[in-house]
Amino acid sequence: MRILNVVPSYLPATRYGGPIFAVHGLCRALAARGHHVEVFTTNVDGPNNSAVPLKIPVTLDGVHVRYFPSSVLRRLYWAPSLTHALRAELPGFTVVHLHSVFLWPTWAAARRARKVRTPYLISPRGMLVKKLIQMKSRFAKAAWIKLIEKENMESASAIHVTSAMEAEELQRFGWRLPRITIIPNGIDEFVVASGQKVSMDVKEIATEQPLVLFLGRISWKKGLDRLLNAFALTNLGKLAIVGPDDENLAPRLAQLACDLRITDRVRFLPRTVLGHDKSFLYRHAKVFVLASYSENFGNSVLEAMQHGIPVVVTSEVGASDIVRQSGGGFVVTRDLEPLGAAIRRLIEDASLGRVMGEAGQRHANAHYRWATVAGQMEKLYESLSP
């Protein structure tokens, strides 16, 4: 099967978080199953351009990636040469998978796929949530939905979401959607290798025990103000907030910690943490917490479970269903008291934390390896082929 993926940015080893890691994990696993997998993307890397060859294939883990330049309208990832490539090559693919909304590459690819009658599916990747749209860029996105996104979604052969929560959010728009298929994100197998170097700042955080860990983008969407307020209700443990801070939110969170009088119990590491550094943090944490206001999935929840850490998530996290099914932690309401109580209980009761961590680890390894997830996606693709 020839599979074309269209994604605005594709830099799996950089500061970009969940969605790009998930797309690359899926593409890599499909390539390993014998499919020809290509990615069309842009060279946009935040305010800069990524140092990649342009318009020629680059092979990453068996995936053929082509980067196209975007010099103007970069917020929309406009890349005219990508249009030319779509026009010339899209008809040669079995299926087209679009991994974004509100951005030009998805619009261009959806239009071309409809014209040549190639089946396409869209993964909104958590970007179609009415409440979030109303809170941020409301008028611009409402216009885009009316003029572009509604047709893209309604004319797709299928919609892929990663959780039941994301499917429910889509239904709120009242569109006449094609079938919606829930296929979760996956996890890579991790290997603990002796002798691997770990960054000094990561080692310093890992010595703070018992350690409560948040690892992900430092963003308002992640509910970190909620987490700090809940953590202030406990009197045990140290909290580490780790991840890239593109929104420059860490100083405000540090001020909140000061106002809550927990500065001595909170550590910030506002940078991307990958590989052995990431695994080291997971292995030294006693509890992992994700208190997002809205989260279509939550890759870090699965990663924490895979490392045997009990997790605490709010009910707005898409992966909360997985936590419930596995018994790998607590799912709590958005209120501060239940969140703080769950954190405190897992710190105080090491035996309970160990039982939950082991249950989550078994469940994650049994059901959410990328090979398993890719098999589910493969069946969806096959059902769309004429």
# chains A, B, ... in the order shown; residues from 1 in each chain; ligands from 1
$ residues_around --residues "Gly237 of chain A" --least-positions-apart "5" --cutoff "10 Å" --atoms "only C-alpha atoms" --output "number ranges by chain"
A: 208-212, 231, 265-266, 286-287, 343-344, 347-348
$ select_by_dssp --residues "segment 104-317 of chain A" --states "strand (DSSP E)" --output "number ranges by chain"
A: 120-122, 158-161, 180-182, 211-215, 238-242, 266-269, 287-290, 311-314
$ residues_around --residues "His367 of chain A" --least-positions-apart "5" --cutoff "10 Å" --atoms "only C-alpha atoms" --output "VMD selection string"
chain A and resid 184 186 to 187 362 372 to 373
$ residues_around --residues "Ser81 of chain A" --least-positions-apart "6" --cutoff "9 Å" --atoms "only C-alpha atoms" --output "JSON list (two decimals) with N, CA and C atoms, in the first residue's frame"
[["chain", "number", "residue", "atom", "x", "y", "z"],
["A", 55, "LYS", "N", 12.66, 19.48, -1.02],
["A", 55, "LYS", "CA", 12.01, 18.90, -2.21],
["A", 55, "LYS", "C", 12.56, 17.55, -2.64],
["A", 68, "PHE", "N", 9.21, 20.98, 2.07],
["A", 68, "PHE", "CA", 8.98, 22.04, 1.09],
["A", 68, "PHE", "C", 9.09, 23.39, 1.79],
["A", 69, "PRO", "N", 9.69, 24.37, 1.12],
["A", 69, "PRO", "CA", 9.93, 25.67, 1.77],
["A", 69, "PRO", "C", 8.65, 26.47, 1.96],
["A", 70, "SER", "N", 8.58, 27.17, 3.09],
["A", 70, "SER", "CA", 7.49, 28.10, 3.37],
["A", 70, "SER", "C", 8.14, 29.43, 3.76]]
$ residues_around --residues "Leu269 of chain A" --least-positions-apart "5" --cutoff "7 Å" --atoms "only C-alpha atoms" --output "mmCIF file with N, CA and C atoms, in the first residue's frame"
data_model
loop_
_atom_site.group_PDB
_atom_site.id
_atom_site.type_symbol
_atom_site.label_atom_id
_atom_site.label_comp_id
_atom_site.auth_asym_id
_atom_site.auth_seq_id
_atom_site.Cartn_x
_atom_site.Cartn_y
_atom_site.Cartn_z
ATOM 1 N N ILE A 241 8.198 20.216 36.907
ATOM 2 C CA ILE A 241 7.479 20.596 35.689
ATOM 3 C C ILE A 241 8.518 20.709 34.588
ATOM 4 N N VAL A 242 8.451 19.770 33.640
ATOM 5 C CA VAL A 242 9.526 19.596 32.662
ATOM 6 C C VAL A 242 8.961 19.620 31.251
ATOM 7 N N GLY A 243 9.581 20.410 30.373
ATOM 8 C CA GLY A 243 9.178 20.405 28.971
ATOM 9 C C GLY A 243 9.441 21.739 28.311
#
$ residues_around --residues "Pro386 of chain A" --least-positions-apart "6" --cutoff "10 Å" --atoms "only C-alpha atoms" --output "short mmCIF file (atom, residue, chain, number, x, y, z; two decimals) with N, CA and C atoms, in the first residue's frame"
data_model
loop_
_atom_site.label_atom_id
_atom_site.label_comp_id
_atom_site.auth_asym_id
_atom_site.auth_seq_id
_atom_site.Cartn_x
_atom_site.Cartn_y
_atom_site.Cartn_z
N THR A 94 -2.40 5.16 -2.54
CA THR A 94 -3.61 4.40 -2.22
C THR A 94 -4.54 5.20 -1.32
N VAL A 95 -3.94 5.91 -0.35
CA VAL A 95 -4.71 6.67 0.62
C VAL A 95 -3.87 7.86 1.08
N ARG A 117 -10.20 11.82 -6.74
CA ARG A 117 -10.96 10.72 -6.13
C ARG A 117 -10.06 9.71 -5.41
N THR A 118 -9.06 10.23 -4.73
CA THR A 118 -8.24 9.40 -3.85
C THR A 118 -8.79 9.50 -2.44
N PRO A 119 -9.04 8.38 -1.76
CA PRO A 119 -9.61 8.47 -0.41
C PRO A 119 -8.64 9.17 0.56
#
$ residues_around --residues "Gly126 of chain A" --least-positions-apart "4" --cutoff "10 Å" --atoms "only C-alpha atoms" --output "count of residues only"
17
$ closest_residue --among "A:Val129, A:Ala143, A:Ala240, A:Ile218" --to "Lys203 of chain A" --atoms "only C-alpha atoms"
A:Ala240
$ select_by_dssp --residues "segment 298-383 of chain A" --states "alpha helix (DSSP H)" --output "ChimeraX atom specification"
/A:299-306,320-326,336-348,350-367,370-383
$ atom_distance --atom1 "atom CA of Arg354 of chain A" --atom2 "atom CA of Ser300 of chain A"
18.6 Å
$ closest_residue --among "A:Arg369, A:Arg324, A:Arg74, A:Arg261" --to "Ala232 of chain A" --atoms "only C-alpha atoms"
A:Arg261
$ atom_distance --atom1 "atom CA of Ile322 of chain A" --atom2 "atom CA of Ser157 of chain A"
27.1 Å
$ atom_distance --atom1 "atom CA of Gln376 of chain A" --atom2 "atom CA of Cys27 of chain A"
12.8 Å
$ closest_residue --among "A:Ala359, A:Ser71, A:Glu189, A:Leu352" --to "Asn48 of chain A" --atoms "only C-alpha atoms"
A:Ser71
$ closest_residue --among "A:Leu215, A:Ala374, A:Ile20, A:Ala31" --to "Thr59 of chain A" --atoms "only C-alpha atoms"
A:Ala31
